[in-house]
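Here the structure is laid out as structure tokens; the discussion comes afterwards.
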Amino acid sequence: MRNRYPVWKNLLILAILALAVIYSSPNLFGEDPSVQLSPNRTVKLEQATVVQVEKLLADAGVKPKSIELTNDRLLVRFSDTDGQLKAEDVLKGAMGNNYTIALNLAPATPAWLRAINAQPMYLGLDLRGGVHFLLQVDMDAAVKQAEERYAEDIRAVLRESKVRYLSVERTNNYIEVKFQDAGTLGQGKDVVKKELRGLQLDTDPSANLLKAKMSEPEIREVRKFAVAQNITTLQNRVNELGVAEPVIQRQGEDRIVVQLPGVQDTARAKEILGATATLEFRLVDSEHAVPTDGKVPLNSRLYYDRGGRPVLLQRKIIVTGDQVVDASSGLDSQSGSAAVFINLNSTGAKKMADTTKDNIGKAMAVVFIENKSETKEVNGKKITTKRKVEEVINVATIRDRFSKRFQITGLDSTNEARNLALLLRAGALVAPMDIVEERTVGPSMGKDNIQKGIHSNVYGFLAIAAFMIMYYRVFGVFSIVALGMNVVLLVAVLSMLQATLTLPGMAGIALTVGMAIDANVLINERIREELRNGVSPAAAIFLGYDRAFATILDTNITTLIAGVALFLLGSGPIRGFALVLCIGILTSMFSAVLVSRMLVNLTYGWQRKLTKLAI
Amino acid sequence: MEFFKIKRDIPFMRYGRITTTISLLTFILAVLALSVRGLNLGLDFTGGVQIEVSYDKPADTQAIREIIESQGIAESSVQNFGSTRDVLIRLPLNPDVSSAKLSDQIFAALKSSDPGVELRRVEFVGPQVGKDLFESGALALLLVAAGIMIYLAMRFEWRFAVAAIIANMHDIVIILGMFAFFQWEFTLSVLAAVLAILGYSVNESVVVFDRVRENFRKMRKATVPEVIDNAITATMSRTIITHSMTQLMVLAMFFFGGEALHNFALALTIGIVFGIYSSVLVASPIVLWLGVSRKDLMPVVKEGVTDDRP
């Protein structure tokens, strides 16, 4: 019964504590006001961009703190907001067309800490200000659209296999196909069964009726797809806003959370999120040369591609974006070059087939159309203008007759293909969404919240420390050191997990600290009790820790059960609170049992004749 | 320093009848308050629009009310919040108007009449979201209760699980009852506090139960009430100290945490106070009443395992 830890155990505990101190430290460095440049699809970030930015800023007399280049963004840090705002103006003026330029608060973590992946916690909207939207995807509409597509497809496959039918109608959850007689009904059923796999078929022979219903997995798939696709669309649009570090996440079955830190203008944010985008496939007008004098032939229209080069296209639209069912990117199996695979619905497919059959060898273009609203400040007043952007995103030669499924090749890179697929998907088939929750937190409110949260934690901690040291003397000091280490550990783990710190999360830290002291109180009380029972001091320490441990374990596990349930079922603020509670329980067990014991051992374990404990 | 030098065990179990009567009464009162007045559910649960604005001088709530009425909204609540400069405006949900748009409109109107107004916070919550939250909250409550019961039943014995959960529910109902009686706003963070109390207050019972088990092994000749009395008395000091510590932290939140943590801290305070009471004076008498005995907690001798050591 000796109160000594072997050397390795002491070293291990100290190593963990040292790591905790290092990984919690990034939270102390604050943030640098900075400007973030992210390239649009046409340009690449290179060292040359850095040189260009440096020159622009030097010319304008703005001195950046540092310029950092990563794969997908360029971050220019400043020591004050003046430099930041000036630089934003300069860079927007000179490079705004090719880059999305956003104001950002970048963590001012020193480079050596960043090198070992030590990052501060991410601050929630309630602590930094911004808007939060919860959008609900209209699943019924998505499923209805899918049913309509199937009805369309049934007509097409029946036509193609030359089975006569009277009508195809969509009723409540069913697609009903009416046939003339039992013979065609049988044929029709076979055809549909073979061609369209996502349907469950049922027949009503008395009425010569084929009833088709989307299968459960198919409906689930459609729902999943609708949310995923809407998230992609939202991501594209939020990019437009130039928000640094936006959050776009699925929540539950059919909801999407969009958080835009730093954005105060909710009206504008809503405009952007609600923007519409679509696509058109048009033939290139190869009979006329691209006019230079502005005289456009009667049946054509002049468009520009993303590089600003003019392209003359026929007025007639082959297919529009809402006829695109799906698009994905990949590699062309023959040439190995990047390609986009497109899936059209049957109406679109028929039109596409007819057009391409007659135009093999000619060029076809994809036009991307977006309705944007832009708010500008003119003479102190905000003016919103609606603008329609039309851009040729791709021109390809028609090599063969296209059908329902076809591919577009001739793209520069796989990246380009991915972007095009994304745009094609984004432009089409977006299930409608409603804003079901909206929260805006002003920046001053965010600052207030941080300060109040920190104050309540600090004051609470000091009050506990004062009492514990007064009441338990040296053992109180041990308890408080352990409690302090608990906070450091908790912050370190949360930082490593890159958790989002919110006000409820801060409340969680406060509550965990309050509850964590319980373990130390249990131990200290137990030691006192053993001493009262006449046990020797050394034995009292040993028994105190030993006996209290079972109780500590039981109480913590019950709290952990509550924390886990909260985490699983809660949403938003409750979840953050629960996460802190759960991690706090684990770190407090470590610090209350091992850290305080180590301190006790180091103080008392080496004394040969221990006669008195300061407790 | 030591506050609690208790020489002789306090005969808590002898007062069992009185304490259970008291808690039964408070419990019934809480249920009455809940059923008569109901919870004053916050925006998170009911849905609606809430705008918090801050003026650079004391705000004229009457003028604000008129501005809102001029925007065609008849029913609204305008009240000071925290200080005379901060104003909280609540608007009911209107199925005809997109509520998300409404907040922009109102703020624009306020700004045009007084440019010194600053937007602190806007919250709009749809009715369905609130309903979902309420349901998942209730589910969480059940799940936590079930999880704790299963753990306690495994670790101790079913009587302890039942007693702990009754004591626990007693605390929860009393917190809810207080919120209903005083019509304090019941928000999402209060719900979080209530759920945290579930985990916290059961700690109390567990500490006492642990001692009871230990005592059954040690105090071979004592009666069951004596064993329980000793367990409570022995852990008394720890109970008071721990709760005071947690309460210190919660008080810091109450006074320095701002409006947002106010009701959260309030719910925790009630939970802590009743947590002590119920673990000592509700859970233990129930265990006794359920007829716990020494042999229930003795290490089980497995059948078929014979001790063949010499």
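Ligands are numbered from 1 in the order shown, residues from 1 within each chain, and chains are lettered A, B, ... in the order they appear in the structure tokens.
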
With a distance threshold of 8 Å and counting only C-alpha atoms, extract the residues of chain B near chain A and express them as a compact mmCIF listing (two decimals) with all heavy atoms, in the first residue's frame.
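File iface_11.txt, as written:
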```
# COMPACT_ATOMS: atom_id res chain seq x y z
N MET B 1 -10.65 22.89 8.00
CA MET B 1 -12.03 23.34 8.22
C MET B 1 -13.00 22.21 7.92
O MET B 1 -12.82 21.47 6.96
CB MET B 1 -12.31 24.53 7.31
CG MET B 1 -13.59 25.20 7.64
SD MET B 1 -13.65 26.87 6.98
CE MET B 1 -14.00 26.57 5.29
N GLU B 2 -13.98 22.11 8.76
CA GLU B 2 -14.99 21.08 8.50
C GLU B 2 -16.34 21.57 9.01
O GLU B 2 -16.42 22.09 10.13
CB GLU B 2 -14.60 19.80 9.26
CG GLU B 2 -14.58 18.58 8.37
CD GLU B 2 -14.01 17.38 9.10
OE1 GLU B 2 -12.83 17.40 9.49
OE2 GLU B 2 -14.78 16.43 9.31
N ALA B 100 -40.39 34.96 -42.51
CA ALA B 100 -38.99 35.31 -42.66
C ALA B 100 -38.86 36.71 -43.27
O ALA B 100 -37.96 37.47 -42.94
CB ALA B 100 -38.29 34.29 -43.53
N LYS B 101 -39.80 37.02 -44.14
CA LYS B 101 -39.76 38.33 -44.79
C LYS B 101 -40.21 39.42 -43.80
O LYS B 101 -39.74 40.53 -43.82
CB LYS B 101 -40.70 38.30 -46.00
CG LYS B 101 -40.04 38.86 -47.26
CD LYS B 101 -40.92 38.63 -48.46
CE LYS B 101 -40.28 37.64 -49.41
NZ LYS B 101 -41.22 37.14 -50.41
N ASP B 104 -37.62 41.36 -41.73
CA ASP B 104 -36.90 42.38 -42.48
C ASP B 104 -37.72 43.65 -42.59
O ASP B 104 -37.24 44.77 -42.41
CB ASP B 104 -36.58 41.90 -43.90
CG ASP B 104 -35.64 40.71 -43.88
OD1 ASP B 104 -34.94 40.54 -42.87
OD2 ASP B 104 -35.62 39.96 -44.86
N LEU B 119 -29.87 46.03 -34.78
CA LEU B 119 -30.46 44.70 -34.75
C LEU B 119 -29.55 43.78 -33.95
O LEU B 119 -28.38 43.64 -34.26
CB LEU B 119 -30.61 44.18 -36.18
CG LEU B 119 -31.41 42.89 -36.33
CD1 LEU B 119 -32.85 43.11 -35.98
CD2 LEU B 119 -31.28 42.36 -37.74
N ARG B 120 -30.11 43.19 -32.91
CA ARG B 120 -29.28 42.30 -32.09
C ARG B 120 -29.48 40.86 -32.52
O ARG B 120 -28.56 40.08 -32.57
CB ARG B 120 -29.67 42.42 -30.62
CG ARG B 120 -29.49 43.82 -30.07
CD ARG B 120 -28.12 44.01 -29.50
NE ARG B 120 -27.92 43.24 -28.27
CZ ARG B 120 -26.73 43.08 -27.72
NH1 ARG B 120 -25.67 43.58 -28.28
NH2 ARG B 120 -26.62 42.40 -26.60
N ARG B 121 -30.71 40.53 -32.83
CA ARG B 121 -30.99 39.12 -33.05
C ARG B 121 -32.38 39.00 -33.67
O ARG B 121 -33.29 39.72 -33.26
CB ARG B 121 -30.98 38.43 -31.70
CG ARG B 121 -31.33 36.99 -31.65
CD ARG B 121 -30.92 36.46 -30.29
NE ARG B 121 -31.66 37.12 -29.22
CZ ARG B 121 -32.58 36.48 -28.47
NH1 ARG B 121 -32.87 35.24 -28.66
NH2 ARG B 121 -33.22 37.14 -27.52
N VAL B 122 -32.52 38.16 -34.66
CA VAL B 122 -33.83 37.87 -35.21
C VAL B 122 -34.01 36.37 -35.19
O VAL B 122 -33.11 35.64 -35.56
CB VAL B 122 -33.96 38.33 -36.68
CG1 VAL B 122 -35.31 37.92 -37.24
CG2 VAL B 122 -33.78 39.81 -36.81
N GLU B 123 -35.15 35.92 -34.73
CA GLU B 123 -35.38 34.48 -34.77
C GLU B 123 -36.73 34.23 -35.36
O GLU B 123 -37.72 34.84 -34.96
CB GLU B 123 -35.29 33.89 -33.37
CG GLU B 123 -33.88 33.91 -32.87
CD GLU B 123 -33.73 33.28 -31.50
OE1 GLU B 123 -34.72 32.70 -31.01
OE2 GLU B 123 -32.65 33.41 -30.95
N PHE B 124 -36.75 33.37 -36.33
CA PHE B 124 -38.02 32.92 -36.87
C PHE B 124 -38.01 31.41 -36.82
O PHE B 124 -37.07 30.78 -37.29
CB PHE B 124 -38.19 33.41 -38.32
CG PHE B 124 -39.06 32.52 -39.13
CD1 PHE B 124 -40.42 32.45 -38.86
CD2 PHE B 124 -38.54 31.71 -40.12
CE1 PHE B 124 -41.23 31.60 -39.58
CE2 PHE B 124 -39.36 30.85 -40.84
CZ PHE B 124 -40.70 30.81 -40.57
N VAL B 125 -39.04 30.84 -36.25
CA VAL B 125 -39.12 29.38 -36.18
C VAL B 125 -40.48 28.95 -36.69
O VAL B 125 -41.50 29.46 -36.25
CB VAL B 125 -38.92 28.88 -34.74
CG1 VAL B 125 -39.00 27.37 -34.69
CG2 VAL B 125 -37.59 29.34 -34.18
N GLY B 126 -40.47 28.06 -37.64
CA GLY B 126 -41.73 27.55 -38.20
C GLY B 126 -42.41 26.63 -37.20
O GLY B 126 -41.76 26.07 -36.33
N GLN B 128 -43.72 23.69 -37.47
CA GLN B 128 -43.39 22.27 -37.56
C GLN B 128 -42.07 21.99 -36.82
O GLN B 128 -41.93 21.00 -36.13
CB GLN B 128 -43.28 21.86 -39.03
CG GLN B 128 -43.06 20.39 -39.24
CD GLN B 128 -44.16 19.56 -38.62
OE1 GLN B 128 -45.33 19.92 -38.65
NE2 GLN B 128 -43.80 18.43 -38.03
N VAL B 129 -41.12 22.93 -36.96
CA VAL B 129 -39.82 22.76 -36.31
C VAL B 129 -40.01 22.65 -34.80
O VAL B 129 -39.45 21.78 -34.15
CB VAL B 129 -38.91 23.96 -36.63
CG1 VAL B 129 -37.56 23.77 -35.96
CG2 VAL B 129 -38.74 24.13 -38.11
N LEU B 133 -39.11 19.58 -32.31
CA LEU B 133 -38.21 19.75 -31.17
C LEU B 133 -38.84 19.21 -29.91
O LEU B 133 -38.20 18.55 -29.11
CB LEU B 133 -37.92 21.24 -30.96
CG LEU B 133 -36.81 21.85 -31.78
CD1 LEU B 133 -36.71 23.33 -31.47
CD2 LEU B 133 -35.51 21.15 -31.48
N SER B 136 -38.80 15.42 -29.97
CA SER B 136 -37.50 14.80 -29.74
C SER B 136 -37.04 15.05 -28.31
O SER B 136 -36.35 14.24 -27.72
CB SER B 136 -36.46 15.30 -30.75
OG SER B 136 -36.18 16.65 -30.56
N GLY B 137 -37.48 16.18 -27.73
CA GLY B 137 -37.17 16.47 -26.34
C GLY B 137 -37.81 15.46 -25.41
O GLY B 137 -37.16 14.91 -24.51
N LEU B 139 -38.81 12.50 -26.20
CA LEU B 139 -38.19 11.21 -26.46
C LEU B 139 -36.86 11.10 -25.71
O LEU B 139 -36.55 10.06 -25.11
CB LEU B 139 -37.97 11.05 -27.96
CG LEU B 139 -37.60 9.66 -28.45
CD1 LEU B 139 -38.70 8.68 -28.13
CD2 LEU B 139 -37.33 9.68 -29.95
N ALA B 140 -36.09 12.19 -25.73
CA ALA B 140 -34.81 12.20 -25.03
C ALA B 140 -35.02 11.94 -23.54
O ALA B 140 -34.30 11.16 -22.92
CB ALA B 140 -34.10 13.54 -25.23
N LEU B 143 -35.73 8.30 -23.03
CA LEU B 143 -34.54 7.49 -23.30
C LEU B 143 -33.54 7.58 -22.15
O LEU B 143 -32.98 6.57 -21.71
CB LEU B 143 -33.90 7.96 -24.60
CG LEU B 143 -32.98 6.97 -25.28
CD1 LEU B 143 -33.78 5.85 -25.89
CD2 LEU B 143 -32.16 7.67 -26.35
N VAL B 144 -33.35 8.81 -21.66
CA VAL B 144 -32.41 9.00 -20.55
C VAL B 144 -32.90 8.23 -19.34
O VAL B 144 -32.14 7.49 -18.70
CB VAL B 144 -32.28 10.50 -20.20
CG1 VAL B 144 -31.45 10.68 -18.94
CG2 VAL B 144 -31.65 11.27 -21.34
N GLY B 147 -32.38 4.52 -19.87
CA GLY B 147 -30.96 4.16 -19.82
C GLY B 147 -30.46 4.11 -18.39
O GLY B 147 -29.77 3.16 -17.99
N ILE B 148 -30.84 5.11 -17.61
CA ILE B 148 -30.38 5.17 -16.22
C ILE B 148 -30.94 4.00 -15.42
O ILE B 148 -30.24 3.34 -14.66
CB ILE B 148 -30.78 6.51 -15.59
CG1 ILE B 148 -29.93 7.63 -16.20
CG2 ILE B 148 -30.61 6.49 -14.08
CD1 ILE B 148 -30.33 9.02 -15.79
N TYR B 151 -29.11 0.81 -16.25
CA TYR B 151 -27.76 0.77 -15.65
C TYR B 151 -27.84 0.49 -14.15
O TYR B 151 -27.11 -0.36 -13.64
CB TYR B 151 -27.04 2.09 -15.91
CG TYR B 151 -25.66 2.12 -15.29
CD1 TYR B 151 -24.62 1.41 -15.88
CD2 TYR B 151 -25.42 2.81 -14.11
CE1 TYR B 151 -23.35 1.41 -15.32
CE2 TYR B 151 -24.16 2.82 -13.55
CZ TYR B 151 -23.12 2.12 -14.14
OH TYR B 151 -21.88 2.11 -13.58
N LEU B 188 -35.51 26.12 -25.29
CA LEU B 188 -34.72 24.95 -25.62
C LEU B 188 -33.60 24.75 -24.61
O LEU B 188 -33.28 23.63 -24.23
CB LEU B 188 -34.13 25.13 -27.02
CG LEU B 188 -33.76 23.88 -27.80
CD1 LEU B 188 -34.93 22.93 -27.87
CD2 LEU B 188 -33.30 24.25 -29.18
N SER B 189 -33.01 25.87 -24.15
CA SER B 189 -31.90 25.71 -23.20
C SER B 189 -32.42 25.25 -21.84
O SER B 189 -31.72 24.55 -21.11
CB SER B 189 -31.07 26.99 -23.09
OG SER B 189 -31.86 28.04 -22.61
N ALA B 192 -32.65 21.62 -22.10
CA ALA B 192 -31.32 21.04 -21.94
C ALA B 192 -30.97 20.95 -20.47
O ALA B 192 -30.42 19.93 -20.02
CB ALA B 192 -30.28 21.87 -22.69
N LEU B 195 -32.82 18.10 -18.82
CA LEU B 195 -32.23 16.81 -19.16
C LEU B 195 -30.89 16.61 -18.45
O LEU B 195 -30.56 15.49 -18.03
CB LEU B 195 -32.04 16.70 -20.67
CG LEU B 195 -33.36 16.55 -21.44
CD1 LEU B 195 -33.17 16.82 -22.90
CD2 LEU B 195 -33.90 15.15 -21.24
N ALA B 196 -30.14 17.70 -18.30
CA ALA B 196 -28.87 17.59 -17.58
C ALA B 196 -29.13 17.24 -16.13
O ALA B 196 -28.40 16.45 -15.52
CB ALA B 196 -28.08 18.89 -17.68
N LEU B 198 -31.51 15.45 -15.02
CA LEU B 198 -31.80 14.02 -14.96
C LEU B 198 -30.53 13.24 -14.66
O LEU B 198 -30.52 12.34 -13.82
CB LEU B 198 -32.35 13.56 -16.31
CG LEU B 198 -33.81 13.21 -16.41
CD1 LEU B 198 -34.12 12.69 -17.78
CD2 LEU B 198 -34.19 12.18 -15.38
N GLY B 199 -29.47 13.57 -15.38
CA GLY B 199 -28.21 12.89 -15.16
C GLY B 199 -27.58 13.28 -13.83
O GLY B 199 -26.97 12.47 -13.15
N TYR B 200 -27.76 14.53 -13.47
CA TYR B 200 -27.09 15.07 -12.29
C TYR B 200 -27.73 14.59 -11.00
O TYR B 200 -27.05 14.17 -10.08
CB TYR B 200 -27.14 16.60 -12.37
CG TYR B 200 -26.52 17.30 -11.20
CD1 TYR B 200 -25.15 17.42 -11.09
CD2 TYR B 200 -27.32 17.85 -10.20
CE1 TYR B 200 -24.58 18.07 -10.03
CE2 TYR B 200 -26.75 18.50 -9.14
CZ TYR B 200 -25.39 18.61 -9.05
OH TYR B 200 -24.83 19.25 -7.99
N VAL B 202 -29.51 12.04 -10.45
CA VAL B 202 -29.40 10.61 -10.20
C VAL B 202 -28.05 10.30 -9.56
O VAL B 202 -27.90 9.35 -8.80
CB VAL B 202 -29.63 9.79 -11.50
CG1 VAL B 202 -28.40 9.72 -12.33
CG2 VAL B 202 -30.14 8.41 -11.17
N ASN B 203 -27.06 11.17 -9.83
CA ASN B 203 -25.75 11.03 -9.18
C ASN B 203 -25.91 10.94 -7.67
O ASN B 203 -25.26 10.16 -7.00
CB ASN B 203 -24.89 12.28 -9.45
CG ASN B 203 -24.17 12.16 -10.75
OD1 ASN B 203 -24.36 11.18 -11.44
ND2 ASN B 203 -23.37 13.13 -11.06
N GLU B 204 -26.76 11.83 -7.17
CA GLU B 204 -27.00 11.91 -5.74
C GLU B 204 -27.45 10.57 -5.21
O GLU B 204 -26.92 10.06 -4.25
CB GLU B 204 -28.11 12.93 -5.49
CG GLU B 204 -27.63 14.33 -5.60
CD GLU B 204 -26.35 14.46 -4.84
OE1 GLU B 204 -26.33 14.20 -3.63
OE2 GLU B 204 -25.37 14.78 -5.51
N VAL B 206 -27.14 7.74 -6.55
CA VAL B 206 -26.12 6.70 -6.71
C VAL B 206 -25.10 6.74 -5.58
O VAL B 206 -24.71 5.71 -5.04
CB VAL B 206 -25.42 6.84 -8.08
CG1 VAL B 206 -24.20 5.94 -8.15
CG2 VAL B 206 -26.38 6.51 -9.19
N VAL B 207 -24.71 7.95 -5.18
CA VAL B 207 -23.72 8.07 -4.10
C VAL B 207 -24.27 7.44 -2.82
O VAL B 207 -23.59 6.68 -2.14
CB VAL B 207 -23.35 9.55 -3.87
CG1 VAL B 207 -22.49 9.70 -2.63
CG2 VAL B 207 -22.60 10.10 -5.07
N ASP B 210 -24.55 3.59 -3.24
CA ASP B 210 -23.25 2.97 -3.14
C ASP B 210 -22.88 2.72 -1.69
O ASP B 210 -22.36 1.66 -1.33
CB ASP B 210 -22.19 3.91 -3.76
CG ASP B 210 -21.64 3.36 -5.06
OD1 ASP B 210 -21.97 2.21 -5.38
OD2 ASP B 210 -20.91 4.09 -5.74
N SER B 237 -21.90 15.31 4.10
CA SER B 237 -20.93 16.38 3.92
C SER B 237 -20.61 16.55 2.44
O SER B 237 -20.61 17.65 1.90
CB SER B 237 -19.70 16.02 4.72
OG SER B 237 -18.65 16.84 4.39
N ARG B 238 -20.35 15.42 1.77
CA ARG B 238 -20.04 15.47 0.35
C ARG B 238 -21.22 16.04 -0.45
O ARG B 238 -21.02 16.86 -1.34
CB ARG B 238 -19.72 14.04 -0.12
CG ARG B 238 -19.60 13.89 -1.61
CD ARG B 238 -20.87 13.32 -2.17
NE ARG B 238 -20.97 13.61 -3.60
CZ ARG B 238 -22.11 13.62 -4.24
NH1 ARG B 238 -23.24 13.42 -3.60
NH2 ARG B 238 -22.14 13.88 -5.50
N ILE B 241 -21.26 19.85 0.01
CA ILE B 241 -20.12 20.52 -0.63
C ILE B 241 -20.27 20.48 -2.16
O ILE B 241 -20.17 21.51 -2.84
CB ILE B 241 -18.79 19.84 -0.25
CG1 ILE B 241 -18.60 19.84 1.26
CG2 ILE B 241 -17.61 20.53 -0.95
CD1 ILE B 241 -18.26 21.15 1.85
N THR B 242 -20.52 19.29 -2.69
CA THR B 242 -20.62 19.16 -4.15
C THR B 242 -21.70 20.07 -4.71
O THR B 242 -21.50 20.79 -5.69
CB THR B 242 -20.95 17.71 -4.52
OG1 THR B 242 -19.86 16.91 -4.12
CG2 THR B 242 -21.15 17.57 -6.01
N MET B 245 -20.73 23.64 -4.71
CA MET B 245 -19.78 23.94 -5.79
C MET B 245 -20.52 24.12 -7.12
O MET B 245 -20.33 25.10 -7.84
CB MET B 245 -18.76 22.80 -5.95
CG MET B 245 -17.82 22.61 -4.79
SD MET B 245 -16.80 24.03 -4.47
CE MET B 245 -17.63 24.65 -3.04
N THR B 246 -21.37 23.15 -7.44
CA THR B 246 -22.11 23.26 -8.69
C THR B 246 -22.97 24.50 -8.68
O THR B 246 -23.07 25.23 -9.66
CB THR B 246 -22.98 22.00 -8.90
OG1 THR B 246 -22.21 20.86 -8.58
CG2 THR B 246 -23.45 21.90 -10.33
N GLN B 247 -23.58 24.74 -7.52
CA GLN B 247 -24.45 25.90 -7.42
C GLN B 247 -23.67 27.21 -7.61
O GLN B 247 -24.16 28.14 -8.22
CB GLN B 247 -25.17 25.89 -6.06
CG GLN B 247 -26.24 26.94 -5.91
CD GLN B 247 -27.33 26.82 -6.97
OE1 GLN B 247 -27.98 25.80 -7.07
NE2 GLN B 247 -27.49 27.84 -7.79
N LEU B 248 -22.43 27.24 -7.10
CA LEU B 248 -21.58 28.42 -7.31
C LEU B 248 -21.42 28.70 -8.81
O LEU B 248 -21.55 29.82 -9.27
CB LEU B 248 -20.19 28.20 -6.70
CG LEU B 248 -20.01 28.52 -5.23
CD1 LEU B 248 -18.56 28.22 -4.82
CD2 LEU B 248 -20.33 29.98 -4.96
N MET B 249 -21.15 27.64 -9.53
CA MET B 249 -20.95 27.77 -10.97
C MET B 249 -22.24 28.24 -11.64
O MET B 249 -22.23 29.10 -12.52
CB MET B 249 -20.53 26.40 -11.51
CG MET B 249 -19.64 26.43 -12.69
SD MET B 249 -18.02 27.12 -12.32
CE MET B 249 -17.60 27.72 -13.93
N VAL B 250 -23.35 27.63 -11.21
CA VAL B 250 -24.63 27.98 -11.82
C VAL B 250 -25.00 29.43 -11.49
O VAL B 250 -25.52 30.16 -12.34
CB VAL B 250 -25.73 27.00 -11.33
CG1 VAL B 250 -27.10 27.46 -11.77
CG2 VAL B 250 -25.45 25.61 -11.87
N LEU B 251 -24.67 29.85 -10.27
CA LEU B 251 -24.95 31.24 -9.90
C LEU B 251 -24.14 32.20 -10.76
O LEU B 251 -24.63 33.25 -11.17
CB LEU B 251 -24.62 31.47 -8.42
CG LEU B 251 -25.68 31.00 -7.43
CD1 LEU B 251 -25.22 31.27 -6.01
CD2 LEU B 251 -27.02 31.71 -7.69
N ALA B 252 -22.88 31.83 -11.02
CA ALA B 252 -22.05 32.66 -11.89
C ALA B 252 -22.74 32.81 -13.25
O ALA B 252 -22.77 33.89 -13.83
CB ALA B 252 -20.67 32.05 -12.05
N MET B 253 -23.31 31.71 -13.74
CA MET B 253 -24.03 31.76 -15.02
C MET B 253 -25.27 32.64 -14.90
O MET B 253 -25.60 33.39 -15.80
CB MET B 253 -24.47 30.36 -15.43
CG MET B 253 -23.50 29.65 -16.34
SD MET B 253 -24.29 28.19 -16.99
CE MET B 253 -23.71 26.96 -15.86
N PHE B 255 -25.83 35.17 -12.89
CA PHE B 255 -25.57 36.60 -12.78
C PHE B 255 -24.74 37.19 -13.91
O PHE B 255 -24.91 38.32 -14.28
CB PHE B 255 -24.89 36.91 -11.43
CG PHE B 255 -25.82 36.76 -10.27
CD1 PHE B 255 -25.62 35.79 -9.31
CD2 PHE B 255 -26.93 37.61 -10.16
CE1 PHE B 255 -26.50 35.65 -8.24
CE2 PHE B 255 -27.81 37.48 -9.09
CZ PHE B 255 -27.59 36.50 -8.14
N PHE B 256 -23.81 36.39 -14.44
CA PHE B 256 -22.90 36.95 -15.44
C PHE B 256 -23.13 36.41 -16.85
O PHE B 256 -22.53 36.88 -17.79
CB PHE B 256 -21.45 36.70 -15.04
CG PHE B 256 -21.11 37.22 -13.67
CD1 PHE B 256 -20.88 36.35 -12.62
CD2 PHE B 256 -21.05 38.58 -13.45
CE1 PHE B 256 -20.59 36.83 -11.36
CE2 PHE B 256 -20.76 39.08 -12.19
CZ PHE B 256 -20.53 38.20 -11.14
N GLY B 257 -23.96 35.40 -16.97
CA GLY B 257 -24.11 34.74 -18.27
C GLY B 257 -25.06 35.47 -19.22
O GLY B 257 -25.20 35.07 -20.36
N GLY B 258 -25.70 36.52 -18.74
CA GLY B 258 -26.60 37.25 -19.62
C GLY B 258 -27.96 36.59 -19.73
O GLY B 258 -28.20 35.49 -19.23
N LEU B 261 -28.59 32.84 -20.74
CA LEU B 261 -28.37 31.70 -19.85
C LEU B 261 -29.20 31.80 -18.57
O LEU B 261 -29.11 30.96 -17.69
CB LEU B 261 -26.89 31.61 -19.48
CG LEU B 261 -25.93 31.27 -20.62
CD1 LEU B 261 -24.51 31.17 -20.11
CD2 LEU B 261 -26.34 29.96 -21.27
```

Query - Counting only C-alpha atoms, the residue of B:Phe254, B:Phe264, B:Phe186, B:Phe156 that sits nearest Glu214 of chain B - result: B:Phe156

Query raised in the report: Mind pulling up the distance from atom CA of Lys178 of chain A to atom CA of Leu209 of chain A?
Result: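 Answer for the atom CA of Leu209 of chain A to atom CA of Lys178 of chain A separation: 4.8 Å.
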
**Report entry** Distance query Gln187 of chain A at most 12 Å, only C-alpha atoms, self and fewer than 3 positions along chain excluded, as a PyMOL selection string
**Finding:** chain A and resi 157-158+161-165+179-184+190-194+203+208+210

Query - For segment 17-20 of chain A: contacts at 12 Å, only C-alpha atoms, fewer than 4 positions along chain excluded, given as a VMD selection string - result: chain A and resid 10 to 13 24 to 26 113 116 118 481 to 482 484 to 496 587 590 to 591 594 to 595

Query raised in the report: Please, which residues of segment 108-233 of chain A, numbered as in this document, come out alpha helix (DSSP H) from DSSP, as a PyMOL selection string?
Result: chain A and resi 111-115+125-128+139-160+182-195+216-233

Requested in this report: Can you pull out every residue within 12 Å of segment 56-72 of chain A, counting only C-alpha atoms, but drop anything in the same chain fewer than 3 positions away, and send it as a count of residues only?
Outcome: 48

Report task. Write out as a list in words each polymer residue whose atoms come within 8 Å of Leu273 of chain A, counting only C-alpha atoms; drop sequence neighbours fewer than 3 positions from it. Result ->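 So the residues in contact are Leu234, Arg237, Val238, Ala269 and Lys270 of chain A.
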
**Report entry** Exercise: Ile106 of chain B partners within 7 Å, only C-alpha atoms, chain neighbours under 4 positions left out, as a VMD selection string
**Finding:** chain B and resid 68 102 110
